[in-house]
Amino acid sequence: MKIDWSSLKTRLVATLLMSTIIPLLLLGGGAYMALQTIFHEKIESGIQNTLSQTRMSLENTLSNMEYVSLQLSQEGTVGQSLSNLLSSQSIFEQLQLTNEIQRNMNLVNSTNPYLGVMLYFFSGEGKVKFQNREIRDNFTIESLPLLSSVRGESFFGPHETAYKYSQNTVFSLARPVNVPGIEPQMIYVYLETNLLLFEKILNKYQYGMNASHILLNQSGKIAYSDDQLQFPSGADFSSIKTSDVNVAEKKGFYFFKEVSDQGWSVIVAIDKRDFEKEFNTWLLRYGGISLVCLAISIALALLVWRTVYQPIRSILREIRSLTGSKFDSKLNKTNVREFDSVLFEFDLMRTRIVELFAEIERNERMKAQLEVEKLLHQINPHFIHNTLNTIQWIARMNGQDDIDRLVSIFTRVLHYNLGKEGSVVKLRDELEALKDYVALQRIRYDYQFDVRFEMDETLLDQTIPRFILQPLVENALYHGLGDVEGVIEVRIAANDSHMNIEVKDNGAGMTEEEVSRLFSYENERKKS
């Protein structure tokens, strides 16, 4: 079947389908690349940042233990008390120092809630003294798994706590205490983290997926592992690098590593299947969302087609009714504001067409009447001139020179007013007509005023608008002089490329208050 691409319906449906499919394809490709970026860069970065926080938390914990151990060594108050106790020969003083040491250790423990077991270990005797909790009978520092040795102190762990009634995993620190008179490396300050801190720091669920922590000691061997089957304690892991993709793929894990300044390292291992499972889950979710969006887009496309195409058909019906000379058809609204506005304008146009037809009909009827009036307008001036000439001839025959002169002047004024010279005349003709008008007015007012002319003779052949002088002189005569005898001066002079016309009378004029009132009224009228 041949598709008619000239049809608006075909183009509209094709455009809507393309506007749905193309964005989905672009969005799908972009989303796939974005998901690849998110899961292989953003999530890796997030895991690395989380691991960095884990490393810093463990570092801070061990550093705080190191700081507390200084208070219990020979450099601190408690350590000095211990030194005094071991060198004292007085039983009373020994009792007093013992109580003081125990009290200070309890104070240190209460002010550092992250600490658990605290004690002094005499390795030569294998005895524990000044402990804050009951200790296992077989406890020795030598049996603890060494994590790292830094600045004279040793970090151990993770290992089982020395607390007799618990099997929780902890980190610990041992620092030698040098007491005068006692062989070095015989007395140690021993500190442990509390029983819950280990699980809080090495929380495997903080990465949002199944992960395993691996803690490497200073020698690069596994000191601790969540997954003993894959990463048994004591195995050598010093050759594994986080950027070694071949090793990661070979073992089926993604590795992320953080190295501490204290000599130990922490690694998080994430099973590759679990890592890709998150990506595949998101991919399936996107596919489902895309299908839903496609279905919604198709439904919206059909709705748009109905919303646009149906009103266009209604407008087309109205246009066809107009071509069929049906000017009184009822306007059917589409209930779409924009299309109804078009129909409303169309109805106004149809109404205007009807009015124009009626106006054309009226104009045709008036045309003949206007032709008759035109003939009458052409005849009447001739009749008036002929009548005035007859009156002038009779006055001249009877020796009535004043009447003869008056009719002669009036005839010239009437000829100029009814003439067909156009709207622009020479200054010479305008002055002659003005002088005839002044002559008539002087006869009417019994020569009670005078009009004086002062002009540049070189301007007489210049053109000016017709009847520009007579209204000015008439205004000066009626409103300037009134019933008072006076003089009206008419001055015409050249000013560069302009012509200055000045009409002046010596009448009473207006007071300053009247002028101000007129100007204020004019300004208010313009503002309103």
# chains A, B, ... in the order shown; residues from 1 in each chain; ligands from 1
$ closest_atom_pairs --of "region 14-93 of chain A" --to "region 260-266 of chain A" --cutoff "8 Å" --atoms "only C-alpha atoms" --output "JSON lines"
{"residue": "A:Leu51", "atom": "CA", "partner": "A:Val266", "partner_atom": "CA", "distance": 7.9}
{"residue": "A:Arg55", "atom": "CA", "partner": "A:Val266", "partner_atom": "CA", "distance": 6.7}
{"residue": "A:Glu59", "atom": "CA", "partner": "A:Ser260", "partner_atom": "CA", "distance": 7.2}
$ select_by_dssp --residues "region 86-335 of chain A" --states "helix (DSSP H, G or I)" --output "VMD selection string"
chain A and resid 86 to 87 91 to 111 197 to 201 204 to 207 245 to 251 272 to 323
$ closest_residue --among "A:Ile101, A:Val268, A:Val108, A:Leu27" --to "Thr54 (chain A)" --atoms "only C-alpha atoms"
A:Val268
$ select_by_dssp --residues "region 261-324 of chain A" --states "strand (DSSP E)" --output "ChimeraX atom specification"
/A:265-271
$ closest_residue --among "A:Val503, A:Leu196, A:Ile296, A:Val189" --to "Ala476 (chain A)" --atoms "only C-alpha atoms"
A:Val503
$ closest_residue --among "A:Gly28, A:Leu72, A:Glu359, A:Arg11" --to "Leu291 (chain A)" --atoms "only C-alpha atoms"
A:Gly28
$ closest_residue --among "A:Leu191, A:Asn203, A:Gln74, A:Val304" --to "Thr15 (chain A)" --atoms "only C-alpha atoms"
A:Val304
$ residues_around --residues "Asn106 (chain A)" --least-positions-apart "3" --cutoff "10 Å" --atoms "only C-alpha atoms" --output "list in words"
Glu100, Ile101, Gln102, Arg103, Asn109, Ser110, Thr111, Asn112, Met118, Phe130, Gln131 and Asn132 of chain A
$ atom_distance --atom1 "CA of Phe255 (chain A)" --atom2 "CA of Phe155 (chain A)"
24.4 Å
